[in-house]
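Peer 1: Got a file for you: query.csv, CSV, C-alpha atoms and all ligand atoms.
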chain,number,residue,atom,x,y,z
A,1,MET,CA,207.0,278.3,82.6
A,2,HIS,CA,208.7,274.9,82.7
A,3,GLU,CA,211.2,275.8,85.3
A,4,LEU,CA,211.9,272.1,86.1
A,5,SER,CA,212.9,271.3,82.5
A,6,LEU,CA,215.1,274.4,82.6
A,7,CYS,CA,216.8,273.1,85.7
A,8,GLU,CA,217.4,269.8,83.9
A,9,GLY,CA,219.2,271.8,81.2
A,10,ILE,CA,221.2,273.6,83.9
A,11,ARG,CA,222.1,270.4,85.5
A,12,SER,CA,223.4,268.8,82.3
A,13,ILE,CA,225.5,271.9,81.5
A,14,ILE,CA,227.0,271.8,85.0
A,15,ALA,CA,227.8,268.1,84.6
A,16,GLU,CA,229.5,268.8,81.3
A,17,GLN,CA,231.5,271.7,82.8
A,18,ALA,CA,232.5,269.6,85.8
A,19,ARG,CA,233.9,267.0,83.4
A,20,VAL,CA,235.8,269.7,81.5
A,21,HIS,CA,237.1,271.7,84.4
A,22,GLY,CA,237.4,269.0,87.1
A,23,PHE,CA,235.4,270.6,90.0
A,24,THR,CA,233.2,268.8,92.4
A,25,CYS,CA,231.1,271.5,93.9
A,26,VAL,CA,229.3,274.6,92.6
A,27,THR,CA,228.8,277.3,95.3
A,28,VAL,CA,227.2,280.1,93.2
A,29,LEU,CA,225.5,279.9,89.8
A,30,ARG,CA,224.6,283.1,87.8
A,31,VAL,CA,222.0,283.0,85.2
A,32,GLU,CA,220.8,285.7,82.8
A,33,ILE,CA,217.1,285.7,82.1
A,34,GLY,CA,215.4,287.9,79.5
A,35,ARG,CA,212.3,289.8,80.6
A,36,PHE,CA,210.2,288.0,78.0
A,37,ALA,CA,211.6,284.6,78.6
A,38,GLY,CA,208.5,283.6,80.5
A,39,VAL,CA,210.5,282.4,83.5
A,40,GLU,CA,209.1,282.9,86.9
A,41,LYS,CA,212.0,283.7,89.2
A,42,ALA,CA,210.4,282.3,92.4
A,43,ALA,CA,209.5,279.1,90.6
A,44,LEU,CA,213.0,278.8,89.1
A,45,ALA,CA,214.6,279.2,92.5
A,46,PHE,CA,212.3,276.5,93.9
A,47,ALA,CA,212.8,274.1,91.1
A,48,PHE,CA,216.6,274.8,91.2
A,49,ASP,CA,216.9,273.6,94.8
A,50,GLU,CA,214.9,270.5,94.0
A,51,ALA,CA,216.6,269.6,90.7
A,52,MET,CA,220.2,270.2,91.9
A,53,ARG,CA,219.9,267.6,94.7
A,54,GLY,CA,222.5,265.0,94.2
A,55,SER,CA,224.4,267.1,91.6
A,56,GLU,CA,227.6,269.1,91.9
A,57,ALA,CA,225.4,272.2,92.5
A,58,GLU,CA,223.4,270.8,95.4
A,59,GLY,CA,223.0,273.7,97.9
A,60,ALA,CA,224.5,276.2,95.4
A,61,ARG,CA,223.2,279.8,95.5
A,62,LEU,CA,221.3,280.8,92.4
A,63,GLU,CA,221.7,284.4,91.2
A,64,VAL,CA,219.3,285.7,88.5
A,65,ILE,CA,220.4,288.7,86.4
A,66,ASP,CA,217.5,290.3,84.5
A,67,LEU,CA,218.0,291.3,80.8
A,68,PRO,CA,215.9,294.0,79.3
A,69,GLY,CA,213.2,293.5,76.7
A,70,HIS,CA,213.2,295.1,73.2
A,71,ALA,CA,210.5,295.2,70.6
A,72,LEU,CA,210.1,296.2,67.0
A,73,CYS,CA,207.3,298.8,66.7
A,74,TYR,CA,205.1,298.4,63.6
A,75,GLY,CA,203.9,302.0,64.3
A,76,CYS,CA,207.2,303.8,63.8
A,77,ASP,CA,209.4,301.0,62.6
A,78,ARG,CA,212.0,301.4,65.4
A,79,LEU,CA,213.5,299.1,68.0
A,80,VAL,CA,212.4,300.2,71.4
A,81,ASP,CA,213.0,299.2,75.0
A,82,ILE,CA,209.8,298.1,76.8
A,83,GLU,CA,209.2,297.2,80.4
A,84,GLU,CA,206.2,294.9,80.0
A,85,ARG,CA,205.1,292.5,77.3
A,86,PHE,CA,202.0,294.6,76.6
A,87,SER,CA,203.5,298.1,76.9
A,88,VAL,CA,202.8,300.6,74.1
A,89,CYS,CA,205.6,302.1,72.1
A,90,PRO,CA,207.4,304.8,74.2
A,91,LEU,CA,208.1,306.8,71.0
A,92,CYS,CA,204.8,306.7,69.1
A,93,GLY,CA,202.2,305.1,71.4
A,94,SER,CA,201.5,302.2,69.0
A,95,ALA,CA,200.3,298.9,70.6
A,96,LYS,CA,201.6,296.9,67.6
A,97,LEU,CA,204.9,295.6,69.0
A,98,MET,CA,206.8,292.4,68.3
A,99,PRO,CA,209.3,291.3,71.0
A,100,GLN,CA,212.9,291.1,69.7
A,101,GLY,CA,215.2,289.5,72.2
A,102,GLY,CA,214.5,289.5,75.9
A,103,ASP,CA,213.9,285.7,75.7
A,104,GLU,CA,217.4,284.8,76.7
A,105,MET,CA,218.0,282.0,79.2
A,106,ARG,CA,221.8,281.7,79.8
A,107,ILE,CA,224.2,280.4,82.4
A,108,LYS,CA,226.6,283.3,82.7
A,109,ASP,CA,229.2,281.9,85.1
A,110,MET,CA,229.7,279.9,88.3
A,111,GLU,CA,231.9,279.8,91.3
A,112,VAL,CA,233.2,276.3,91.9
A,113,ILE,CA,235.5,274.4,94.2
B,1,MET,CA,211.9,260.1,86.5
B,2,CYS,CA,214.5,259.3,89.1
B,3,THR,CA,212.8,259.3,92.5
B,4,VAL,CA,215.9,260.1,94.5
B,5,CYS,CA,217.1,263.3,92.8
B,6,GLY,CA,214.3,264.1,90.4
B,7,CYS,CA,216.4,264.0,87.3
B,8,GLY,CA,215.7,262.0,84.1
B,9,ASP,CA,212.5,261.0,82.4
B,10,THR,CA,210.7,258.0,81.0
B,11,VAL,CA,210.2,258.7,77.3
B,12,GLN,CA,208.5,256.0,75.3
B,13,PHE,CA,208.4,255.4,71.6
B,14,ASP,CA,205.4,253.3,70.6
B,15,GLY,CA,205.2,251.8,74.0
B,16,LYS,CA,209.0,250.9,74.2
B,17,ARG,CA,210.8,252.6,77.1
B,18,GLN,CA,214.0,254.4,76.0
B,19,THR,CA,216.4,254.2,78.8
B,20,GLU,CA,219.2,255.5,76.7
B,21,LEU,CA,217.4,258.8,76.6
B,22,LEU,CA,217.9,259.3,80.3
B,23,PRO,CA,220.6,261.9,81.1
B,24,TYR,CA,223.6,261.4,83.3
B,25,GLY,CA,224.0,257.7,82.5
B,26,HIS,CA,221.0,256.7,84.6
B,27,VAL,CA,219.8,253.2,85.1
B,28,LEU,CA,216.3,253.2,86.4
B,29,ALA,CA,216.8,252.2,90.0
B,30,GLN,CA,214.5,249.7,91.7
B,31,ALA,CA,215.3,251.1,95.2
B,32,PRO,CA,217.2,254.1,96.5
B,33,ALA,CA,220.0,251.8,97.7
B,34,LYS,CA,220.6,250.6,94.1
B,35,HIS,CA,220.5,254.2,92.8
B,36,THR,CA,223.1,254.4,90.1
B,37,HIS,CA,224.3,257.8,88.7
B,38,GLY,CA,227.0,259.2,86.6
B,39,HIS,CA,227.2,261.8,89.4
B,40,HIS,CA,227.5,261.2,93.1
B,41,HIS,CA,225.3,262.2,96.0
B,42,GLY,CA,228.1,262.7,98.5
B,43,LEU,CA,228.9,260.9,101.7
B,44,GLY,CA,228.1,263.4,104.4
B,45,PRO,CA,225.0,263.3,106.6
B,46,ALA,CA,223.0,265.5,104.3
B,47,GLY,CA,224.4,263.7,101.2
B,48,LEU,CA,227.1,266.3,100.8
B,49,SER,CA,230.9,266.0,101.1
B,50,ALA,CA,232.5,269.1,102.7
B,51,PRO,CA,234.5,271.0,100.1
B,52,ASP,CA,237.8,272.9,100.6
B,53,LEU,CA,236.7,276.6,100.2
B,54,SER,CA,240.3,277.9,99.5
B,55,GLN,CA,240.1,276.3,96.0
B,56,ALA,CA,237.2,278.5,94.9
B,57,ARG,CA,237.4,279.7,91.3
B,58,LEU,CA,235.1,281.4,88.7
B,59,ILE,CA,234.2,279.7,85.5
B,60,ALA,CA,232.7,281.7,82.6
B,61,VAL,CA,230.0,279.5,81.0
B,62,GLU,CA,228.0,281.8,78.7
B,63,THR,CA,225.8,278.9,77.5
B,64,SER,CA,222.1,278.9,76.7
B,65,ILE,CA,220.2,276.7,79.2
B,66,LEU,CA,218.5,275.1,76.3
B,67,ALA,CA,221.8,274.6,74.4
B,68,LYS,CA,221.4,270.8,74.3
B,69,ASN,CA,217.9,271.0,72.9
B,70,ASP,CA,219.0,273.7,70.4
B,71,GLY,CA,221.9,271.5,69.2
B,72,TYR,CA,219.5,268.6,68.4
B,73,ALA,CA,217.0,271.1,66.8
B,74,LEU,CA,219.9,272.3,64.5
B,75,SER,CA,220.6,268.8,63.3
B,76,ASN,CA,216.9,268.0,62.8
B,77,ARG,CA,216.6,271.2,60.8
B,78,ALA,CA,219.6,270.2,58.7
B,79,ALA,CA,218.3,266.7,58.0
B,80,LEU,CA,214.8,268.1,57.1
B,81,SER,CA,216.3,270.6,54.8
B,82,GLU,CA,218.5,267.9,53.1
B,83,LEU,CA,215.3,265.9,52.4
B,84,GLY,CA,213.2,269.0,51.4
B,85,VAL,CA,210.7,268.0,54.1
B,86,LEU,CA,208.4,270.7,55.5
B,87,ALA,CA,208.0,270.2,59.3
B,88,LEU,CA,205.2,271.8,61.2
B,89,ASN,CA,205.0,271.9,65.0
B,90,LEU,CA,201.3,271.8,65.9
B,91,VAL,CA,200.8,273.3,69.4
B,92,SER,CA,197.7,274.1,71.4
B,93,SER,CA,195.8,273.5,74.6
B,94,PRO,CA,194.5,269.9,75.1
B,95,GLY,CA,191.5,269.1,72.9
B,96,SER,CA,191.6,272.1,70.5
B,97,GLY,CA,191.3,269.6,67.6
B,98,LYS,CA,194.9,268.9,66.5
B,99,THR,CA,194.4,265.2,65.7
B,100,THR,CA,191.0,265.8,64.1
B,101,LEU,CA,192.5,268.5,61.9
B,102,LEU,CA,195.4,266.2,61.0
B,103,CYS,CA,193.1,263.4,60.0
B,104,LYS,CA,191.1,265.7,57.8
B,105,THR,CA,194.3,267.2,56.3
B,106,ILE,CA,195.7,263.8,55.5
B,107,GLU,CA,192.5,262.9,53.6
B,108,MET,CA,192.6,266.2,51.7
B,109,LEU,CA,196.3,265.9,50.8
B,110,GLY,CA,195.6,262.7,49.0
B,111,ASP,CA,198.8,261.1,47.6
B,112,ALA,CA,201.2,263.7,48.9
B,113,PRO,CA,204.0,262.0,51.0
B,114,LEU,CA,203.6,262.7,54.7
B,115,ALA,CA,204.3,261.4,58.2
B,116,VAL,CA,203.2,262.3,61.7
B,117,ILE,CA,204.9,262.4,65.0
B,118,GLU,CA,202.4,262.3,67.9
B,119,GLY,CA,203.4,263.6,71.3
B,120,ASP,CA,201.3,262.8,74.4
B,121,GLN,CA,202.1,262.1,78.0
B,122,GLN,CA,200.4,258.7,77.8
B,123,THR,CA,198.6,256.4,75.3
B,124,SER,CA,199.0,255.8,71.6
B,125,LEU,CA,195.4,256.8,70.9
B,126,ASP,CA,196.3,259.7,68.6
B,127,ALA,CA,198.9,257.7,66.6
B,128,ASP,CA,196.2,255.0,66.2
B,129,ARG,CA,193.8,257.6,64.8
B,130,ILE,CA,196.5,258.8,62.3
B,131,ARG,CA,197.4,255.3,61.2
B,132,ALA,CA,193.7,254.5,60.6
B,133,THR,CA,193.9,257.1,57.7
B,134,GLY,CA,196.8,255.0,56.2
B,135,ALA,CA,199.5,257.5,57.1
B,136,GLY,CA,202.7,256.6,58.9
B,137,ALA,CA,202.9,257.8,62.5
B,138,VAL,CA,205.2,257.4,65.5
B,139,GLN,CA,203.8,257.9,69.0
B,140,VAL,CA,206.1,259.5,71.5
B,141,ASN,CA,205.0,259.3,75.1
B,142,THR,CA,206.7,261.9,77.3
B,143,GLY,CA,205.6,260.4,80.6
B,144,LYS,CA,205.7,263.4,83.0
B,145,GLY,CA,207.2,265.6,80.4
B,146,CYS,CA,205.0,268.5,79.3
B,147,HIS,CA,206.4,269.1,75.8
B,148,LEU,CA,208.3,267.3,73.0
B,149,ASP,CA,212.0,268.2,72.8
B,150,ALA,CA,214.3,268.1,69.8
B,151,GLN,CA,216.0,264.9,70.8
B,152,MET,CA,212.7,262.9,70.9
B,153,VAL,CA,211.7,264.3,67.5
B,154,GLY,CA,215.1,263.4,66.0
B,155,ARG,CA,214.7,259.8,67.1
B,156,ALA,CA,211.1,259.7,65.9
B,157,MET,CA,212.3,261.1,62.5
B,158,ASP,CA,214.8,258.2,62.3
B,159,ALA,CA,212.1,255.7,63.0
B,160,LEU,CA,209.8,257.2,60.3
B,161,LYS,CA,212.3,257.1,57.4
B,162,LEU,CA,210.9,260.3,55.9
B,163,PRO,CA,210.4,260.3,52.1
B,164,ARG,CA,211.9,263.2,50.1
B,165,GLY,CA,209.6,266.3,49.7
B,166,ALA,CA,207.2,265.1,52.4
B,167,PHE,CA,205.1,267.0,55.0
B,168,LEU,CA,206.1,266.1,58.6
B,169,PHE,CA,203.4,267.0,61.1
B,170,ILE,CA,204.5,267.1,64.7
B,171,GLU,CA,201.6,267.1,67.1
B,172,ASN,CA,203.0,268.4,70.3
B,173,VAL,CA,201.7,267.6,73.8
B,174,GLY,CA,198.5,269.6,74.5
B,175,ASN,CA,199.9,272.5,76.5
B,176,LEU,CA,199.8,276.2,75.7
B,177,VAL,CA,202.9,277.1,77.8
B,178,CYS,CA,206.0,274.9,77.7
B,179,PRO,CA,206.2,273.8,74.0
B,180,ALA,CA,206.8,277.4,73.1
B,181,ALA,CA,210.3,277.4,74.4
B,182,PHE,CA,211.5,274.1,72.7
B,183,ASP,CA,212.7,274.4,69.1
B,184,LEU,CA,212.2,271.0,67.5
B,185,GLY,CA,213.9,272.0,64.2
B,186,GLU,CA,210.5,272.7,62.6
B,187,ASP,CA,209.9,275.2,59.7
B,188,ALA,CA,207.0,276.8,61.6
B,189,LYS,CA,204.9,276.5,64.7
B,190,VAL,CA,201.2,276.4,64.0
B,191,VAL,CA,199.0,277.2,67.0
B,192,ILE,CA,195.4,275.8,67.0
B,193,LEU,CA,193.0,277.7,69.0
B,194,SER,CA,189.4,276.5,69.2
B,195,VAL,CA,186.5,279.0,69.6
B,196,THR,CA,185.3,277.3,72.8
B,197,GLU,CA,188.5,278.4,74.7
B,198,GLY,CA,187.8,282.1,75.0
B,199,GLU,CA,188.9,285.2,73.2
B,200,ASP,CA,191.4,286.1,76.0
B,201,LYS,CA,193.7,283.1,75.5
B,202,PRO,CA,196.2,284.8,73.2
B,203,LEU,CA,196.7,287.5,75.8
B,204,LYS,CA,197.0,285.0,78.7
B,205,TYR,CA,199.4,282.6,76.9
B,206,HIS,CA,201.2,285.1,74.7
B,207,ASP,CA,204.5,283.2,74.4
B,208,MET,CA,202.9,280.5,72.3
B,209,PHE,CA,201.1,282.9,70.0
B,210,THR,CA,204.2,285.0,69.6
B,211,ALA,CA,206.2,281.9,68.6
B,212,ALA,CA,203.7,280.7,66.1
B,213,SER,CA,203.7,281.8,62.4
B,214,LEU,CA,200.1,280.7,61.8
B,215,ALA,CA,197.0,280.5,64.0
B,216,ILE,CA,194.2,278.2,63.1
B,217,LEU,CA,191.0,279.3,64.7
B,218,ASN,CA,189.3,275.9,64.8
B,219,LYS,CA,185.7,274.7,65.6
B,220,VAL,CA,184.1,277.7,63.9
B,221,ASP,CA,181.0,275.6,63.5
B,222,LEU,CA,180.5,275.9,67.2
B,223,ALA,CA,180.9,279.7,67.3
B,224,PRO,CA,177.1,280.4,67.3
B,225,TYR,CA,176.6,278.1,70.3
B,226,CYS,CA,179.1,279.7,72.6
B,227,ASP,CA,178.8,283.4,71.6
B,228,ALA,CA,182.3,283.3,70.2
B,229,ASP,CA,183.4,286.7,68.7
B,230,LEU,CA,185.8,285.6,65.9
B,231,ASP,CA,186.9,289.2,65.3
B,232,ALA,CA,187.9,289.5,68.9
B,233,TYR,CA,189.9,286.3,68.6
B,234,GLU,CA,191.7,287.8,65.6
B,235,ALA,CA,192.3,291.2,67.3
B,236,ASN,CA,193.8,289.6,70.3
B,237,LEU,CA,196.0,287.3,68.2
B,238,ARG,CA,197.3,290.4,66.3
B,239,ARG,CA,197.8,292.4,69.6
B,240,VAL,CA,200.2,289.7,70.7
B,241,HIS,CA,201.8,289.0,67.2
B,242,PRO,CA,201.1,291.8,64.7
B,243,THR,CA,202.1,289.7,61.6
B,244,ILE,CA,200.6,286.3,62.5
B,245,GLU,CA,198.6,284.6,59.8
B,246,ILE,CA,195.1,283.5,60.8
B,247,LEU,CA,192.8,280.9,59.2
B,248,ARG,CA,189.2,280.2,60.3
B,249,VAL,CA,188.6,276.5,60.1
B,250,SER,CA,186.2,273.8,61.1
B,251,ALA,CA,187.9,270.4,61.1
B,252,ARG,CA,184.5,268.9,61.5
B,253,THR,CA,182.6,270.5,58.6
B,254,GLY,CA,185.6,271.1,56.4
B,255,GLU,CA,185.0,274.9,56.3
B,256,GLY,CA,188.2,276.8,55.7
B,257,MET,CA,190.2,273.6,55.2
B,258,GLN,CA,191.1,274.3,51.6
B,259,ALA,CA,192.9,277.5,52.6
B,260,TRP,CA,194.9,275.5,55.1
B,261,VAL,CA,195.8,272.9,52.6
B,262,ASP,CA,196.8,275.7,50.1
B,263,TRP,CA,198.9,277.3,52.8
B,264,LEU,CA,200.7,273.9,53.4
B,265,ARG,CA,201.3,273.4,49.7
B,266,GLY,CA,202.6,276.9,49.3
B,267,ARG,CA,205.1,276.5,52.2
B,268,LEU,CA,206.3,273.1,50.8
B,269,ALA,CA,206.8,274.6,47.4
B,270,ALA,CA,208.7,277.5,48.8
B,271,LYS,CA,211.0,275.2,50.7
B,272,GLY,CA,211.7,272.7,47.8
C,1,LIG,N1,182.5,270.8,66.6
C,1,LIG,C1,183.8,270.5,66.4
C,1,LIG,N2,184.4,269.6,67.1
C,1,LIG,C2,185.7,269.4,66.8
C,1,LIG,C3,186.4,270.1,65.8
C,1,LIG,N3,187.7,269.7,65.8
C,1,LIG,C4,187.8,268.8,66.8
C,1,LIG,N4,186.6,268.6,67.4
C,1,LIG,C5,186.3,267.7,68.6
C,1,LIG,O1,187.1,268.2,69.7
C,1,LIG,C6,187.5,267.0,70.5
C,1,LIG,C7,189.0,267.0,70.6
C,1,LIG,O2,189.6,266.8,69.4
C,1,LIG,P1,191.1,266.2,69.2
C,1,LIG,O3,191.4,266.2,67.7
C,1,LIG,O4,191.2,264.9,69.9
C,1,LIG,O5,191.9,267.3,69.9
C,1,LIG,P2,193.5,267.3,70.2
C,1,LIG,O6,193.9,268.7,70.1
C,1,LIG,O7,194.2,266.4,69.3
C,1,LIG,O8,193.6,266.8,71.7
C,1,LIG,P3,194.9,266.3,72.5
C,1,LIG,O9,195.8,265.7,71.6
C,1,LIG,O10,194.4,265.4,73.5
C,1,LIG,O11,195.4,267.6,73.1
C,1,LIG,C8,187.0,265.8,69.8
C,1,LIG,O12,185.8,265.5,70.4
C,1,LIG,C9,186.8,266.3,68.3
C,1,LIG,O13,185.7,265.6,67.7
C,1,LIG,C10,185.7,271.1,65.0
C,1,LIG,O14,186.1,271.7,64.1
C,1,LIG,N5,184.3,271.2,65.4
C,2,MG,MG,195.6,264.9,69.7
C,3,ZN,ZN,206.6,303.2,67.7
Could the structure of this file be written out as structure tokens, please?
Ligand SMILES: Nc1nc2c(ncn2[C@@H]2O[C@H](COP(=O)(O)OP(=O)(O)OP(=O)(O)O)[C@@H](O)[C@H]2O)c(=O)[nH]1
Ligand SMILES: [Mg+2]
Ligand SMILES: [Zn+2]

Peer 2:
Amino acid sequence: MHELSLCEGIRSIIAEQARVHGFTCVTVLRVEIGRFAGVEKAALAFAFDEAMRGSEAEGARLEVIDLPGHALCYGCDRLVDIEERFSVCPLCGSAKLMPQGGDEMRIKDMEVI
Amino acid sequence: MCTVCGCGDTVQFDGKRQTELLPYGHVLAQAPAKHTHGHHHGLGPAGLSAPDLSQARLIAVETSILAKNDGYALSNRAALSELGVLALNLVSSPGSGKTTLLCKTIEMLGDAPLAVIEGDQQTSLDADRIRATGAGAVQVNTGKGCHLDAQMVGRAMDALKLPRGAFLFIENVGNLVCPAAFDLGEDAKVVILSVTEGEDKPLKYHDMFTAASLAILNKVDLAPYCDADLDAYEANLRRVHPTIEILRVSARTGEGMQAWVDWLRGRLAAKG
């Protein structure tokens, strides 16, 4: 989606954390991305390297943890796990699904020096 | 945007550059040698200082990447709710008819208090069109930015001095992708889809159609000329978002406009 703006968000969170925790260098950054967050992992990794240049996280390794997607099924009124945005309901076969969650974009933790 | 490290942005409000909006205490640098940051680029050959690896530690962060935006959105929402103002975030691909729809809407709303925030990468053309109707408008130029964020909208709201019980229309940058992720503090996103764009767009750009409460199917006057299947548009919208509301409209001929104005008045009444 807008991986570069996401990286700007990551960058300002890192700057804030650096102020609070007093580190100068991030070696590993772990992010959690929901399946329906619309984030392209390859594009995120590319934008990350570019956007972290000159920051505490320049040269840091980015690790992406996938979070599952859930949807509310209007066919059987249950919350179901789905693999793809346009999967049908695994319980009743209905195609009327509304994503619930799976749009997370979070920084989980980071290894710093 | 900072040419050395790529951070920052050049947001303009009605043509005035807002340097204070730049993150990290930036001053727009003239040349790389004068590049001034709140952070440092390091002193080593690759711009990196060599760290002492024995000091490594793990810091739990557990923060949304968009936390900063969401914080501003929260305070916009509180301010809007305090004033009883109904805010709508109008999103679409470029040229779907957002500004045309707004001009017509303003005319139909008559004396109702309202204001408009116009988001575009460049030019104040859209704000000029809105002001020509007599309504108050602030143009936000996002420069290279592909969407409005909640901080820009908060500042524009301050500039507008919103009257109590007003409608606030926020016309986002024409882009069916990025604005979906950025909460501005609005009451609802309204997606405008014109019938010349193709029935498959809800499926291809589903995030936006999932995020919107109402879809306006605009330019229905052109449907016969481009073999547009309006039922197929609606079916694809509901495939992506089973409960989305849909209105068929022509901002040019006025067809369907009354239903939209009624929808607006209903939402404002429900909020107040
Ligand atoms: N036939 C027809 N043309 C329309 C209608 N609504 C808008 N247009 C035309 O579509 C073109 C684009 O309209 P705008 O209102 O500028 O679209 P926009 O979404 O604001 O464009 P951006 O802000 O640049 O993304 C103009 O030529 C309008 O006259 C409509 O209902 N029918
Ligand atoms: Mg416009
Ligand atoms: Zn089901």

Peer 1: Using all atoms listed in the file, find each residue with an atom at most 8 Å away from ligand MG 2 (chain C) and format the answer as a PyMOL selection string.

Peer 2: chain B and resi 94-95+97-100+118+120+126+171+173-174

Peer 1: Near segment 103-112 of chain A, counting all atoms listed in the file, which residues have an atom at most 8 Å away, once you skip same-chain residues fewer than 3 positions from it, shown as number ranges by chain?

Peer 2: A: 10, 23-38, 67, 69; B: 56-66

Peer 1: Can you measure atom CA of Asn175 of chain B to atom CA of Ile65 of chain A for me? One decimal in Å is fine.

Peer 2: 27.9 Å

Peer 1: For the atom pair atom N5 of ligand LIG 1 (chain C) and atom CA of Lys201 of chain B, what is the interatomic distance in Å to one decimal place?

Peer 2: 18.2 Å

Peer 1: To one decimal place in Å, what is the distance between atom CA of Glu234 of chain B and atom CA of Ala180 of chain B?

Peer 2: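 According to the coordinates, atom CA of Glu234 of chain B and atom CA of Ala180 of chain B are separated by 19.8 Å.
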
Peer 1: Quick one: residues within 12 Å of Leu88 of chain B, all atoms listed in the file counted, chain neighbours fewer than 4 positions away excluded, as a ChimeraX atom specification?

Peer 2: /B:77,80,98,102,114-118,153,166-172,183-191,212-214,263-264,267-268

Peer 1: Do you know which residues are within 7 Å of ligand ZN 3 (chain C) using all atoms listed in the file? Can you write them as a CSV table (one decimal) with C-alpha atoms, keeping the file's coordinate frame?

Peer 2:
chain,number,residue,atom,x,y,z
A,73,CYS,CA,207.3,298.8,66.7
A,74,TYR,CA,205.1,298.4,63.6
A,75,GLY,CA,203.9,302.0,64.3
A,76,CYS,CA,207.2,303.8,63.8
A,77,ASP,CA,209.4,301.0,62.6
A,78,ARG,CA,212.0,301.4,65.4
A,89,CYS,CA,205.6,302.1,72.1
A,90,PRO,CA,207.4,304.8,74.2
A,91,LEU,CA,208.1,306.8,71.0
A,92,CYS,CA,204.8,306.7,69.1
A,93,GLY,CA,202.2,305.1,71.4
A,94,SER,CA,201.5,302.2,69.0

Peer 1: Identify the residues around (213.0, 266.2, 49.8) within a radius of 7 Å, measuring from all atoms listed in the file in the coordinates stated by the file, and give them as number ranges by chain.

Peer 2: B: 82-85, 163-166, 272

Peer 1: For chain B, which residue out of A:Asp81, A:Phe46, A:Glu40, A:Ala95 is the nearest one, using only C-alpha atoms?

Peer 2: A:Ala95

Peer 1: Which residue is closest to ligand LIG 1 (chain C)? Choose from B:Asp227, B:Asp262, B:Asp149, B:Asp221 and count only C-alpha atoms and all ligand atoms.

Peer 2: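 For ligand LIG 1 (chain C), the nearest of the candidates is B:Asp221.
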
Peer 1: Restricting the calculation to all atoms listed in the file: of B:Val177, B:Ala228, B:Leu247, B:Val220, which residue gets closest to ligand LIG 1 (chain C)?

Peer 2: B:Val220

Peer 1: Between B:Ala270, B:Ala232, B:Val261, B:Cys146, single out the one closest to chain A, counting all atoms listed in the file.

Peer 2: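 Using all atoms listed in the file, the shortest distance to chain A belongs to B:Cys146.
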
Peer 1: Would you mind telling me which residue in B:Gly143, B:Gly254, B:Pro202, B:Gly266 lies nearest to ligand LIG 1 (chain C) when using all atoms listed in the file?

Peer 2: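 The closest residue to ligand LIG 1 (chain C) is B:Gly254.
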
Peer 1: Using only C-alpha atoms, which of B:Gln122, B:Thr142, B:Ser96, B:Asn69 sits nearest chain A?

Peer 2: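 Of B:Gln122, B:Thr142, B:Ser96, B:Asn69, the one nearest chain A, counting only C-alpha atoms, is B:Asn69.
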
Peer 1: Segment 154-157 of chain B: which residues within 7 Å, counting all atoms listed in the file, same-chain residues fewer than 3 positions away excluded, as number ranges by chain?

Peer 2: B: 76, 117, 138, 150-151, 160-162

Peer 1: Could you give me, as a PyMOL selection string, the residues within 10 Å of Phe48 of chain A, counting all atoms listed in the file and dropping anything in the same chain fewer than 6 positions from it?

Peer 2: chain A and resi 3-4+6-8+10-11+42+57-62
